[in-house]
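Remarks on the structure that follows.
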Number of protein chains: 2
Amino acid sequence: MAAVLIPTILSGGAGTRLWPVSREALPKPFMKMPDGRTLLRKTFDRAAALPGAGPAWIVTNRDYYFLSRDELADAPGGDRTRFLLEPAGRNTAPAILLAALAVAEAHGDDACLLVLPADHLIDNESAFASCVAQAQALAADGWLTTFGITAKTPATGYGYIQGGDAIAGGGRVVRQFVEKPDLARAQQYVEDGNYLWNSGMFCFRAKDMLAAFESLKPALYQAGVACWEASRAKTAGGDSIELVREAFDACESISIDYAIFEQSPRVAVVPGDLGWSDVGAWNEIASQYPADTQGNRAASEAIFVDSTGCFVHSHDRLVATLGLQDVYVVDTPDALLVLDKTRAQDVKKIVEQVRARGGDKHTYHVTVSRPWGTYTLLQEAPGFKIKRIEVKAGRALSLQMHYHRSEHWIVVSGTAKVVNGEKEFLVRTNESTYIPAGTRHRLENPGKMPLVMIEVQSGSYLGEDDIVRFDDRYGRT
Amino acid sequence: MAAVLIPTILSGGAGTRLWPVSREALPKPFMKMPDGRTLLRKTFDRAAALPGAGPAWIVTNRDYYFLSRDELADAPGGDRTRFLLEPAGRNTAPAILLAALAVAEAHGDDACLLVLPADHLIDNESAFASCVAQAQALAADGWLTTFGITAKTPATGYGYIQGGDAIAGGGRVVRQFVEKPDLARAQQYVEDGNYLWNSGMFCFRAKDMLAAFESLKPALYQAGVACWEASRAKTAGGDSIELVREAFDACESISIDYAIFEQSPRVAVVPGDLGWSDVGAWNEIASQYPADTQGNRAASEAIFVDSTGCFVHSHDRLVATLGLQDVYVVDTPDALLVLDKTRAQDVKKIVEQVRARGGDKHTYHVTVSRPWGTYTLLQEAPGFKIKRIEVKAGRALSLQMHYHRSEHWIVVSGTAKVVNGEKEFLVRTNESTYIPAGTRHRLENPGKMPLVMIEVQSGSYLGEDDIVRFDDRYGRT
């Protein structure tokens, strides 16, 4: 019987080309697809449904821990998921090395890692399952296995894998990895038939990957082991392991392809026609929505008049297009992008300009996620600020105090448990309380349903940094 | 010395082609131009600055009375402005007939009306003043005078006036009026040089226009006189005369051009090169803003990357365009229009679809004007609704009661005088009060500055029609 299969999800990537929906504080893995699930959740569900799948590990930035955990909270198998938290991104090799060390310790070094980036879509899940079974069998024989996507079109945006000799029982030896080609070469690759898109998904036993690192990248291996030792020692149980910054920074920032797969003699590829795409830009998002007879697609309320090939992705606004061809409209509460669809790869140019202007529309949305829930800025003007605050069941904000602002709280849904100075009391739906400046206070949702509250802040300074935290359940004091 | 000149501003027109900014509840005359003034205000200021101008009369729908009055409140001469309020639009002839009757009674029938639509822009104000002086001289000789704009381009969107013999002292006899031509004819007109655009501005003595109506349109004249008698009898002083609906409905709906100018033998035209445009569609709005080196224009924060000839008009959102040519983006808090600039005349098609979908995005904005100020819907969800309420200095909402909702009021700027059940008290900035369902209440701004308040409504039914008004200063009980 095969060793346990550990889905190892790499949930990183800023998704800059998907601005204004993808932003630093809520990047691509948290973008919702047409079925209402995020990319992360879809990747998780797809992996969890595989036969014999064990607990998943998520490798992500520590800033996304609460978001990720909440995202998987109600997923089957979500409760046994574990997190490996990076202080910063250092490409895929350190992430996979640390994951292999963690999985080896938790599940034994025969355990098989199935590495999946969180921003892939796969239409054909049964073909995927069959490829994974093949890859798992290869891994059990000591192969470091890649997944190669049957190249039907001469894509220039992917690296290619040239397949070599067939391996008994399935898969092929990898002859070589090829960088992203120009169009002429890509066309040759499609005609040749032996070239496959490099999907960035991998399958291998923990011990084989660790051995590969030890022999091919000894310095990185040593740094990774040291980081692991330092990090696990500091981790006091729970579902997450936070990687120690200095130790993690000592690991070379390099991709797993360069570090291992292009160097190792024991690399196999499993070819597959998976309906695979990586969600890199707005074209891929648009293609997830059905087209009308004019080729227009909409993720929200839209009116298309004399328009063809357009796409509308809006938050809650009605969007109308008139006389347009191949124009994409991406609307969020505070920023709007309108682009020609052929320019989807260049959205970075816009984000650079947004960043250069200052402000934070490249980083934050109007709705900001916190470990306890979210807040949404409804209006801001000199002297006051209005927020909608949603606290998840059982969560609490920190015990805090503001020097410069007072706050009016009105509960519009659920019941709040409030600390206000020396008093502690409940505020029910359609009740309110007032927190004067300088008063210690805490907001908690003791119930089983979300608590929704309107907060009206009043004061001459209303910056988020006017906060003194006395106690916080999420380690933010 | 010339008789008094009475600017008579026709402030109507839905401005459907300027959706989503122009909507039924806040139509075109209230749209702000780049200098921050509305079209109505600009028209008023232009007229008020004319030498010898007397008090202005505004002919508008009764629904726009408070808006119009507030719009002119701080304009020089705004305080002596009078309003003729229509129950519904019946084209220009009844409006001008009633205005002539009103002006004759208020200022004597030698008084000279200068009729100006509220949606024109005129760049050359000194040329305008000089044309008005000529027109006034002609009017004093009994001419019904039109203003003809020197046709430099073969526009097909305007009617034309063919000028005939010169009149001693200035102006020309009108030989004929011509309907909107096709392009070939329009080109002939430009080459001919005797054809002028019919601007829709007019100048005449009250008595001459009344005599023209009496002889050319006797039935309409009789209906107009009857309407005037019925309406003035009901008007109890104040700055406005509300036209009685039944009597006004009895007046034929017809344009002043058809009814009078195309029939009368005493029609003159004053030609002028005024930098005139009527603001009909987004092209004219766009052209009011300066273009960058790529021909892009913006009325708000915008980023243009690899774009040319684009225009951005947004409320408070950052708008970015990428790889677009000649695309206009018109953004409001609840609806967004993206169009090819050559299709600006077809915005009506969009509005038809918006109307067909139900809802009220063709009628109302998120911010709604009331006689006492405005309210802005900030958020709505089952069980609650959040509004920002702004009450103008000295104004008050009605004394009212709601069956199904309670209201939390938080004052964020200014001081409110509140009636809450049996009590009356002040609520100052950063103070709040609570109005339970079923309680009579009134909100008033007794101060000299605007009062800004956040209202959180709570209840199972939150429709605007859950209101019982006991007393209202604006006649809405």
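Letters A, B, ... mark the chains of the structure tokens in the order given; residue numbers begin at 1 per chain; ligand numbers begin at 1, in order shown.
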
Nearby residues (only C-alpha atoms) at most 8 Å from segment 348-359 of chain A, same-chain spacing under 3 positions excluded, as JSON, numbers by chain = {"A": [16, 17, 19, 345, 362], "B": [303, 305, 320, 322]}

Written selection (all heavy atoms) as a PDB file, in the first residue's frame:
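Writing done, so here's again30.pdb:
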```
ATOM      1  N   THR A  16      -0.377  40.521  -8.919  1.00  0.00           N
ATOM      2  CA  THR A  16      -0.415  41.939  -9.299  1.00  0.00           C
ATOM      3  C   THR A  16      -1.206  42.170 -10.579  1.00  0.00           C
ATOM      4  O   THR A  16      -1.875  43.189 -10.733  1.00  0.00           O
ATOM      5  CB  THR A  16       1.024  42.453  -9.488  1.00  0.00           C
ATOM      6  OG1 THR A  16       1.780  42.074  -8.346  1.00  0.00           O
ATOM      7  CG2 THR A  16       1.054  43.955  -9.651  1.00  0.00           C
ATOM      8  N   ARG A  17      -1.135  41.207 -11.495  1.00  0.00           N
ATOM      9  CA  ARG A  17      -1.847  41.398 -12.762  1.00  0.00           C
ATOM     10  C   ARG A  17      -3.358  41.295 -12.601  1.00  0.00           C
ATOM     11  O   ARG A  17      -4.097  41.534 -13.540  1.00  0.00           O
ATOM     12  CB  ARG A  17      -1.357  40.368 -13.794  1.00  0.00           C
ATOM     13  CG  ARG A  17       0.021  40.696 -14.358  1.00  0.00           C
ATOM     14  CD  ARG A  17       0.523  39.577 -15.222  1.00  0.00           C
ATOM     15  NE  ARG A  17       0.752  38.367 -14.437  1.00  0.00           N
ATOM     16  CZ  ARG A  17       0.899  37.149 -14.945  1.00  0.00           C
ATOM     17  NH1 ARG A  17       0.841  36.973 -16.240  1.00  0.00           N
ATOM     18  NH2 ARG A  17       1.099  36.097 -14.163  1.00  0.00           N
ATOM     19  N   TRP A  19      -4.913  43.057 -10.209  1.00  0.00           N
ATOM     20  CA  TRP A  19      -5.403  44.273  -9.577  1.00  0.00           C
ATOM     21  C   TRP A  19      -6.583  44.781 -10.388  1.00  0.00           C
ATOM     22  O   TRP A  19      -6.591  44.581 -11.598  1.00  0.00           O
ATOM     23  CB  TRP A  19      -4.264  45.311  -9.569  1.00  0.00           C
ATOM     24  CG  TRP A  19      -4.605  46.561  -8.829  1.00  0.00           C
ATOM     25  CD1 TRP A  19      -4.460  46.814  -7.498  1.00  0.00           C
ATOM     26  CD2 TRP A  19      -5.167  47.768  -9.403  1.00  0.00           C
ATOM     27  NE1 TRP A  19      -4.883  48.077  -7.195  1.00  0.00           N
ATOM     28  CE2 TRP A  19      -5.332  48.684  -8.350  1.00  0.00           C
ATOM     29  CE3 TRP A  19      -5.557  48.152 -10.687  1.00  0.00           C
ATOM     30  CZ2 TRP A  19      -5.863  49.965  -8.541  1.00  0.00           C
ATOM     31  CZ3 TRP A  19      -6.091  49.420 -10.880  1.00  0.00           C
ATOM     32  CH2 TRP A  19      -6.241  50.313  -9.829  1.00  0.00           C
ATOM     33  N   GLN A 345      -1.738  41.274 -19.557  1.00  0.00           N
ATOM     34  CA  GLN A 345      -0.432  41.007 -18.946  1.00  0.00           C
ATOM     35  C   GLN A 345       0.223  42.279 -18.405  1.00  0.00           C
ATOM     36  O   GLN A 345       1.178  42.207 -17.635  1.00  0.00           O
ATOM     37  CB  GLN A 345       0.512  40.346 -19.954  1.00  0.00           C
ATOM     38  CG  GLN A 345       0.053  38.978 -20.446  1.00  0.00           C
ATOM     39  CD  GLN A 345      -0.057  37.949 -19.336  1.00  0.00           C
ATOM     40  OE1 GLN A 345       0.730  37.957 -18.396  1.00  0.00           O
ATOM     41  NE2 GLN A 345      -1.046  37.086 -19.429  1.00  0.00           N
ATOM     42  N   HIS A 362      -3.025  49.781  -3.773  1.00  0.00           N
ATOM     43  CA  HIS A 362      -2.371  48.585  -4.278  1.00  0.00           C
ATOM     44  C   HIS A 362      -2.255  47.542  -3.167  1.00  0.00           C
ATOM     45  O   HIS A 362      -1.937  46.398  -3.425  1.00  0.00           O
ATOM     46  CB  HIS A 362      -0.995  48.915  -4.843  1.00  0.00           C
ATOM     47  CG  HIS A 362      -0.086  49.565  -3.850  1.00  0.00           C
ATOM     48  ND1 HIS A 362      -0.294  50.839  -3.374  1.00  0.00           N
ATOM     49  CD2 HIS A 362       1.022  49.114  -3.235  1.00  0.00           C
ATOM     50  CE1 HIS A 362       0.662  51.133  -2.501  1.00  0.00           C
ATOM     51  NE2 HIS A 362       1.457  50.119  -2.398  1.00  0.00           N
TER      52      HIS A 362
ATOM     53  N   ILE B 303      -5.627  57.245 -14.040  1.00  0.00           N
ATOM     54  CA  ILE B 303      -4.330  56.798 -14.536  1.00  0.00           C
ATOM     55  C   ILE B 303      -4.562  56.283 -15.956  1.00  0.00           C
ATOM     56  O   ILE B 303      -5.369  55.377 -16.160  1.00  0.00           O
ATOM     57  CB  ILE B 303      -3.760  55.673 -13.656  1.00  0.00           C
ATOM     58  CG1 ILE B 303      -3.431  56.204 -12.248  1.00  0.00           C
ATOM     59  CG2 ILE B 303      -2.519  55.060 -14.301  1.00  0.00           C
ATOM     60  CD1 ILE B 303      -2.977  55.119 -11.276  1.00  0.00           C
ATOM     61  N   VAL B 305      -2.712  54.477 -19.053  1.00  0.00           N
ATOM     62  CA  VAL B 305      -1.512  53.790 -19.542  1.00  0.00           C
ATOM     63  C   VAL B 305      -1.789  53.313 -20.967  1.00  0.00           C
ATOM     64  O   VAL B 305      -2.782  52.618 -21.211  1.00  0.00           O
ATOM     65  CB  VAL B 305      -1.125  52.607 -18.637  1.00  0.00           C
ATOM     66  CG1 VAL B 305      -0.010  51.782 -19.275  1.00  0.00           C
ATOM     67  CG2 VAL B 305      -0.669  53.109 -17.261  1.00  0.00           C
ATOM     68  N   ALA B 320      -8.439  53.601 -13.700  1.00  0.00           N
ATOM     69  CA  ALA B 320      -7.249  53.363 -14.517  1.00  0.00           C
ATOM     70  C   ALA B 320      -7.676  52.763 -15.850  1.00  0.00           C
ATOM     71  O   ALA B 320      -8.535  51.887 -15.897  1.00  0.00           O
ATOM     72  CB  ALA B 320      -6.302  52.413 -13.787  1.00  0.00           C
ATOM     73  N   LEU B 322      -6.136  50.985 -19.518  1.00  0.00           N
ATOM     74  CA  LEU B 322      -4.952  50.318 -20.062  1.00  0.00           C
ATOM     75  C   LEU B 322      -5.225  49.905 -21.505  1.00  0.00           C
ATOM     76  O   LEU B 322      -6.142  49.122 -21.760  1.00  0.00           O
ATOM     77  CB  LEU B 322      -4.629  49.084 -19.211  1.00  0.00           C
ATOM     78  CG  LEU B 322      -3.528  48.147 -19.721  1.00  0.00           C
ATOM     79  CD1 LEU B 322      -2.183  48.867 -19.817  1.00  0.00           C
ATOM     80  CD2 LEU B 322      -3.402  46.935 -18.801  1.00  0.00           C
TER      81      LEU B 322
END
```

With chain B as the partner and 7 Å as the cut-off, tabulate the residues of chain A that qualify, each row holding the nearest pair of atoms and their distance in Å to one decimal, using only C-alpha atoms, sorted by chain and rising number, as CSV.
```
residue,atom,partner,partner_atom,distance
A:Val305,CA,B:Ile350,CA,6.8
A:Arg317,CA,B:Asp334,CA,5.0
A:Leu318,CA,B:Ala335,CA,4.7
A:Val319,CA,B:Leu336,CA,4.7
A:Ala320,CA,B:Leu337,CA,4.8
A:Thr321,CA,B:Val338,CA,4.8
A:Leu322,CA,B:Leu339,CA,4.5
A:Gly323,CA,B:Asp340,CA,5.4
A:Leu324,CA,B:Asp340,CA,5.9
A:Asp334,CA,B:Arg317,CA,5.0
A:Ala335,CA,B:Leu318,CA,4.6
A:Leu336,CA,B:Val319,CA,4.7
A:Leu337,CA,B:Ala320,CA,4.8
A:Val338,CA,B:Thr321,CA,4.8
A:Leu339,CA,B:Leu322,CA,4.5
A:Asp340,CA,B:Gly323,CA,5.4
A:Arg343,CA,B:Gly323,CA,6.3
A:Ile350,CA,B:Val305,CA,6.8
A:Leu378,CA,B:Leu378,CA,6.4
A:Phe384,CA,B:Val412,CA,6.2
A:Val412,CA,B:Phe384,CA,6.2
A:Asn430,CA,B:Ser458,CA,6.1
A:Ser458,CA,B:Asn430,CA,6.1
```

Please write the residues from the selection above to a file, keeping N, CA, C and O atoms, as a PDB file, in the first residue's frame.
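Result saved to result.pdb:
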```
ATOM      1  N   VAL A 305     -24.548  46.762 -24.561  1.00  0.00           N
ATOM      2  CA  VAL A 305     -25.252  47.240 -25.752  1.00  0.00           C
ATOM      3  C   VAL A 305     -24.239  47.406 -26.874  1.00  0.00           C
ATOM      4  O   VAL A 305     -23.227  48.107 -26.701  1.00  0.00           O
ATOM      5  N   ARG A 317     -21.833  47.184  -8.174  1.00  0.00           N
ATOM      6  CA  ARG A 317     -22.291  48.274  -9.024  1.00  0.00           C
ATOM      7  C   ARG A 317     -22.848  47.707 -10.329  1.00  0.00           C
ATOM      8  O   ARG A 317     -22.352  46.709 -10.847  1.00  0.00           O
ATOM      9  N   LEU A 318     -23.860  48.354 -10.857  1.00  0.00           N
ATOM     10  CA  LEU A 318     -24.335  48.029 -12.204  1.00  0.00           C
ATOM     11  C   LEU A 318     -23.322  48.582 -13.205  1.00  0.00           C
ATOM     12  O   LEU A 318     -22.934  49.751 -13.120  1.00  0.00           O
ATOM     13  N   VAL A 319     -22.892  47.756 -14.144  1.00  0.00           N
ATOM     14  CA  VAL A 319     -21.939  48.204 -15.163  1.00  0.00           C
ATOM     15  C   VAL A 319     -22.591  48.077 -16.534  1.00  0.00           C
ATOM     16  O   VAL A 319     -23.146  47.025 -16.867  1.00  0.00           O
ATOM     17  N   ALA A 320     -22.533  49.147 -17.317  1.00  0.00           N
ATOM     18  CA  ALA A 320     -23.086  49.126 -18.673  1.00  0.00           C
ATOM     19  C   ALA A 320     -21.977  49.454 -19.657  1.00  0.00           C
ATOM     20  O   ALA A 320     -21.169  50.348 -19.419  1.00  0.00           O
ATOM     21  N   THR A 321     -21.941  48.698 -20.774  1.00  0.00           N
ATOM     22  CA  THR A 321     -20.979  49.026 -21.824  1.00  0.00           C
ATOM     23  C   THR A 321     -21.739  49.346 -23.101  1.00  0.00           C
ATOM     24  O   THR A 321     -22.774  48.756 -23.385  1.00  0.00           O
ATOM     25  N   LEU A 322     -21.197  50.274 -23.868  1.00  0.00           N
ATOM     26  CA  LEU A 322     -21.862  50.728 -25.095  1.00  0.00           C
ATOM     27  C   LEU A 322     -20.834  50.829 -26.217  1.00  0.00           C
ATOM     28  O   LEU A 322     -19.875  51.604 -26.111  1.00  0.00           O
ATOM     29  N   GLY A 323     -21.033  50.019 -27.229  1.00  0.00           N
ATOM     30  CA  GLY A 323     -20.205  50.140 -28.430  1.00  0.00           C
ATOM     31  C   GLY A 323     -18.758  49.712 -28.233  1.00  0.00           C
ATOM     32  O   GLY A 323     -17.871  50.246 -28.884  1.00  0.00           O
ATOM     33  N   LEU A 324     -18.508  48.751 -27.340  1.00  0.00           N
ATOM     34  CA  LEU A 324     -17.124  48.357 -27.054  1.00  0.00           C
ATOM     35  C   LEU A 324     -16.807  46.968 -27.603  1.00  0.00           C
ATOM     36  O   LEU A 324     -17.671  46.104 -27.657  1.00  0.00           O
ATOM     37  N   ASP A 334     -13.231  50.992  -4.398  1.00  0.00           N
ATOM     38  CA  ASP A 334     -12.423  52.204  -4.435  1.00  0.00           C
ATOM     39  C   ASP A 334     -11.530  52.345  -5.666  1.00  0.00           C
ATOM     40  O   ASP A 334     -10.844  53.363  -5.803  1.00  0.00           O
ATOM     41  N   ALA A 335     -11.514  51.388  -6.550  1.00  0.00           N
ATOM     42  CA  ALA A 335     -10.677  51.517  -7.746  1.00  0.00           C
ATOM     43  C   ALA A 335     -11.291  50.728  -8.884  1.00  0.00           C
ATOM     44  O   ALA A 335     -11.883  49.666  -8.676  1.00  0.00           O
ATOM     45  N   LEU A 336     -11.109  51.256 -10.066  1.00  0.00           N
ATOM     46  CA  LEU A 336     -11.743  50.701 -11.265  1.00  0.00           C
ATOM     47  C   LEU A 336     -10.690  50.592 -12.356  1.00  0.00           C
ATOM     48  O   LEU A 336      -9.948  51.540 -12.603  1.00  0.00           O
ATOM     49  N   LEU A 337     -10.634  49.442 -12.996  1.00  0.00           N
ATOM     50  CA  LEU A 337      -9.703  49.235 -14.104  1.00  0.00           C
ATOM     51  C   LEU A 337     -10.501  48.924 -15.361  1.00  0.00           C
ATOM     52  O   LEU A 337     -11.372  48.060 -15.346  1.00  0.00           O
ATOM     53  N   VAL A 338     -10.193  49.629 -16.426  1.00  0.00           N
ATOM     54  CA  VAL A 338     -10.797  49.344 -17.726  1.00  0.00           C
ATOM     55  C   VAL A 338      -9.647  49.081 -18.686  1.00  0.00           C
ATOM     56  O   VAL A 338      -8.732  49.905 -18.803  1.00  0.00           O
ATOM     57  N   LEU A 339      -9.664  47.916 -19.331  1.00  0.00           N
ATOM     58  CA  LEU A 339      -8.515  47.568 -20.156  1.00  0.00           C
ATOM     59  C   LEU A 339      -8.923  46.849 -21.425  1.00  0.00           C
ATOM     60  O   LEU A 339      -9.978  46.210 -21.487  1.00  0.00           O
ATOM     61  N   ASP A 340      -8.077  46.965 -22.422  1.00  0.00           N
ATOM     62  CA  ASP A 340      -8.233  46.153 -23.613  1.00  0.00           C
ATOM     63  C   ASP A 340      -7.776  44.741 -23.255  1.00  0.00           C
ATOM     64  O   ASP A 340      -6.732  44.553 -22.621  1.00  0.00           O
ATOM     65  N   ARG A 343      -4.269  43.395 -23.333  1.00  0.00           N
ATOM     66  CA  ARG A 343      -3.256  44.019 -22.495  1.00  0.00           C
ATOM     67  C   ARG A 343      -3.268  43.503 -21.062  1.00  0.00           C
ATOM     68  O   ARG A 343      -2.689  44.126 -20.164  1.00  0.00           O
ATOM     69  N   ILE A 350      -0.091  49.516 -14.416  1.00  0.00           N
ATOM     70  CA  ILE A 350      -1.043  50.338 -13.662  1.00  0.00           C
ATOM     71  C   ILE A 350      -0.692  50.304 -12.180  1.00  0.00           C
ATOM     72  O   ILE A 350      -0.643  51.337 -11.509  1.00  0.00           O
ATOM     73  N   LEU A 378     -16.995  52.730   5.365  1.00  0.00           N
ATOM     74  CA  LEU A 378     -18.172  53.182   4.613  1.00  0.00           C
ATOM     75  C   LEU A 378     -18.063  54.644   4.219  1.00  0.00           C
ATOM     76  O   LEU A 378     -18.502  55.036   3.159  1.00  0.00           O
ATOM     77  N   PHE A 384     -14.832  62.577  11.216  1.00  0.00           N
ATOM     78  CA  PHE A 384     -15.513  61.321  11.492  1.00  0.00           C
ATOM     79  C   PHE A 384     -15.198  60.251  10.459  1.00  0.00           C
ATOM     80  O   PHE A 384     -14.723  60.535   9.359  1.00  0.00           O
ATOM     81  N   VAL A 412     -26.263  45.974  14.660  1.00  0.00           N
ATOM     82  CA  VAL A 412     -27.375  45.810  13.718  1.00  0.00           C
ATOM     83  C   VAL A 412     -27.703  44.338  13.463  1.00  0.00           C
ATOM     84  O   VAL A 412     -28.731  44.024  12.875  1.00  0.00           O
ATOM     85  N   ASN A 430     -29.925  46.409  17.560  1.00  0.00           N
ATOM     86  CA  ASN A 430     -30.666  47.662  17.705  1.00  0.00           C
ATOM     87  C   ASN A 430     -30.405  48.349  19.049  1.00  0.00           C
ATOM     88  O   ASN A 430     -31.178  49.178  19.482  1.00  0.00           O
ATOM     89  N   SER A 458     -15.393  59.479  16.013  1.00  0.00           N
ATOM     90  CA  SER A 458     -15.424  60.937  16.034  1.00  0.00           C
ATOM     91  C   SER A 458     -14.149  61.427  16.703  1.00  0.00           C
ATOM     92  O   SER A 458     -13.774  60.936  17.762  1.00  0.00           O
TER      93      SER A 458
END
```

Neighbour list for Glu464 of chain B as a VMD selection string, cut-off 10 Å, only C-alpha atoms, skip fewer than 3 positions in-chain = chain B and resid 402 461 467

Would you write out those residues with N, CA, C and O atoms, as a CSV table (one decimal), in the first residue's frame?
```csv
chain,number,residue,atom,x,y,z
B,402,HIS,N,-42.3,56.5,12.2
B,402,HIS,CA,-42.2,55.2,11.4
B,402,HIS,C,-42.8,54.1,12.2
B,402,HIS,O,-42.6,54.0,13.4
B,461,TYR,N,-38.8,46.2,8.2
B,461,TYR,CA,-39.2,46.9,6.9
B,461,TYR,C,-38.6,48.3,6.9
B,461,TYR,O,-38.8,49.0,7.9
B,467,ILE,N,-43.5,56.2,6.5
B,467,ILE,CA,-43.4,57.5,7.1
B,467,ILE,C,-44.8,58.1,7.2
B,467,ILE,O,-45.6,58.1,6.3
```

Step one, run DSSP on the backbone; step two, keep only residues of segment 98-148 of chain B assigned to strand (DSSP E); then write them as a PDB file with N, CA and C atoms, in the first residue's frame.
```pdb
ATOM      1  N   CYS B 112     -38.522  93.078 -21.461  1.00  0.00           N
ATOM      2  CA  CYS B 112     -37.926  92.257 -22.507  1.00  0.00           C
ATOM      3  C   CYS B 112     -37.472  90.928 -21.901  1.00  0.00           C
ATOM      4  N   LEU B 113     -37.964  89.813 -22.432  1.00  0.00           N
ATOM      5  CA  LEU B 113     -37.529  88.494 -21.926  1.00  0.00           C
ATOM      6  C   LEU B 113     -36.323  88.006 -22.721  1.00  0.00           C
ATOM      7  N   LEU B 114     -35.330  87.555 -22.004  1.00  0.00           N
ATOM      8  CA  LEU B 114     -34.191  86.885 -22.651  1.00  0.00           C
ATOM      9  C   LEU B 114     -34.297  85.409 -22.273  1.00  0.00           C
ATOM     10  N   VAL B 115     -34.730  84.574 -23.211  1.00  0.00           N
ATOM     11  CA  VAL B 115     -34.990  83.159 -22.913  1.00  0.00           C
ATOM     12  C   VAL B 115     -33.710  82.352 -23.119  1.00  0.00           C
ATOM     13  N   LEU B 116     -33.297  81.682 -22.065  1.00  0.00           N
ATOM     14  CA  LEU B 116     -32.041  80.923 -22.116  1.00  0.00           C
ATOM     15  C   LEU B 116     -32.261  79.501 -21.600  1.00  0.00           C
ATOM     16  N   PRO B 117     -32.055  78.481 -22.423  1.00  0.00           N
ATOM     17  CA  PRO B 117     -32.065  77.120 -21.878  1.00  0.00           C
ATOM     18  C   PRO B 117     -30.925  76.949 -20.868  1.00  0.00           C
ATOM     19  N   HIS B 120     -26.845  75.270 -21.823  1.00  0.00           N
ATOM     20  CA  HIS B 120     -25.904  75.778 -22.825  1.00  0.00           C
ATOM     21  C   HIS B 120     -24.622  76.252 -22.166  1.00  0.00           C
ATOM     22  N   LEU B 121     -23.539  76.109 -22.904  1.00  0.00           N
ATOM     23  CA  LEU B 121     -22.270  76.692 -22.468  1.00  0.00           C
ATOM     24  C   LEU B 121     -21.873  77.753 -23.490  1.00  0.00           C
ATOM     25  N   ILE B 122     -21.347  78.835 -23.001  1.00  0.00           N
ATOM     26  CA  ILE B 122     -20.917  79.927 -23.881  1.00  0.00           C
ATOM     27  C   ILE B 122     -19.543  80.382 -23.424  1.00  0.00           C
ATOM     28  N   LEU B 144     -39.300  89.672 -32.793  1.00  0.00           N
ATOM     29  CA  LEU B 144     -39.051  88.458 -32.005  1.00  0.00           C
ATOM     30  C   LEU B 144     -37.687  87.969 -32.484  1.00  0.00           C
ATOM     31  N   THR B 145     -36.735  87.952 -31.579  1.00  0.00           N
ATOM     32  CA  THR B 145     -35.345  87.804 -31.995  1.00  0.00           C
ATOM     33  C   THR B 145     -34.784  86.449 -31.592  1.00  0.00           C
ATOM     34  N   THR B 146     -34.057  85.846 -32.527  1.00  0.00           N
ATOM     35  CA  THR B 146     -33.353  84.594 -32.236  1.00  0.00           C
ATOM     36  C   THR B 146     -31.854  84.867 -32.242  1.00  0.00           C
ATOM     37  N   PHE B 147     -31.110  83.925 -31.688  1.00  0.00           N
ATOM     38  CA  PHE B 147     -29.650  84.013 -31.705  1.00  0.00           C
ATOM     39  C   PHE B 147     -29.117  82.913 -32.619  1.00  0.00           C
ATOM     40  N   GLY B 148     -28.401  83.297 -33.667  1.00  0.00           N
ATOM     41  CA  GLY B 148     -27.886  82.308 -34.615  1.00  0.00           C
ATOM     42  C   GLY B 148     -26.382  82.169 -34.444  1.00  0.00           C
TER      43      GLY B 148
END
```

task = Have a look at atom CA of Ser253 of chain B and atom CA of Leu97 of chain B and let me know their distance in Å, one decimal.
result = 11.7 Å

ask   = If you count only C-alpha atoms, which residues fall within 12 Å of Ser264 of chain B, apart from same-chain ones fewer than 3 positions away, as a ChimeraX atom specification?
value = /B:142-145,173-177,208-209,211-217,256-261,267-268

query = So what do you get for atom CA of Tyr158 of chain A versus atom CA of Met31 of chain A, distance-wise?
reply = 22.1 Å

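Using only C-alpha atoms, the shortest contact distance between Ile6 of chain A and any of A:Val452, A:Ile161, A:Ala111, A:Leu85 is found at A:Ala111.
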
key: Who sits within 10 Å of Lys392 of chain B, only C-alpha atoms, same chain under 3 positions skipped, as a PyMOL selection string   = chain B and resi 70+371-374+389+395-396+444-452

Can you tell me, as a compact mmCIF listing (two decimals) with N, CA, C and O atoms, in the first residue's frame, what residues are no more than 8 Å from Gly13 of chain B when counting only C-alpha atoms, ignoring any on the same chain fewer than 2 positions away?
```txt
# COMPACT_ATOMS: atom_id res chain seq x y z
N SER B 11 -35.29 75.63 -17.41
CA SER B 11 -34.45 74.62 -16.77
C SER B 11 -35.19 73.29 -16.78
O SER B 11 -35.81 72.88 -15.82
N GLY B 15 -31.88 64.97 -19.82
CA GLY B 15 -30.45 64.68 -19.98
C GLY B 15 -30.16 63.18 -19.96
O GLY B 15 -29.15 62.75 -19.41
N PRO B 27 -31.36 66.10 -12.72
CA PRO B 27 -31.07 66.06 -14.16
C PRO B 27 -29.98 67.05 -14.57
O PRO B 27 -29.39 67.75 -13.74
N LYS B 28 -29.78 67.07 -15.85
CA LYS B 28 -28.69 67.80 -16.48
C LYS B 28 -28.41 69.21 -15.92
O LYS B 28 -27.24 69.53 -15.69
N PRO B 29 -29.44 70.09 -15.71
CA PRO B 29 -29.11 71.44 -15.24
C PRO B 29 -28.31 71.45 -13.93
O PRO B 29 -27.65 72.44 -13.63
```
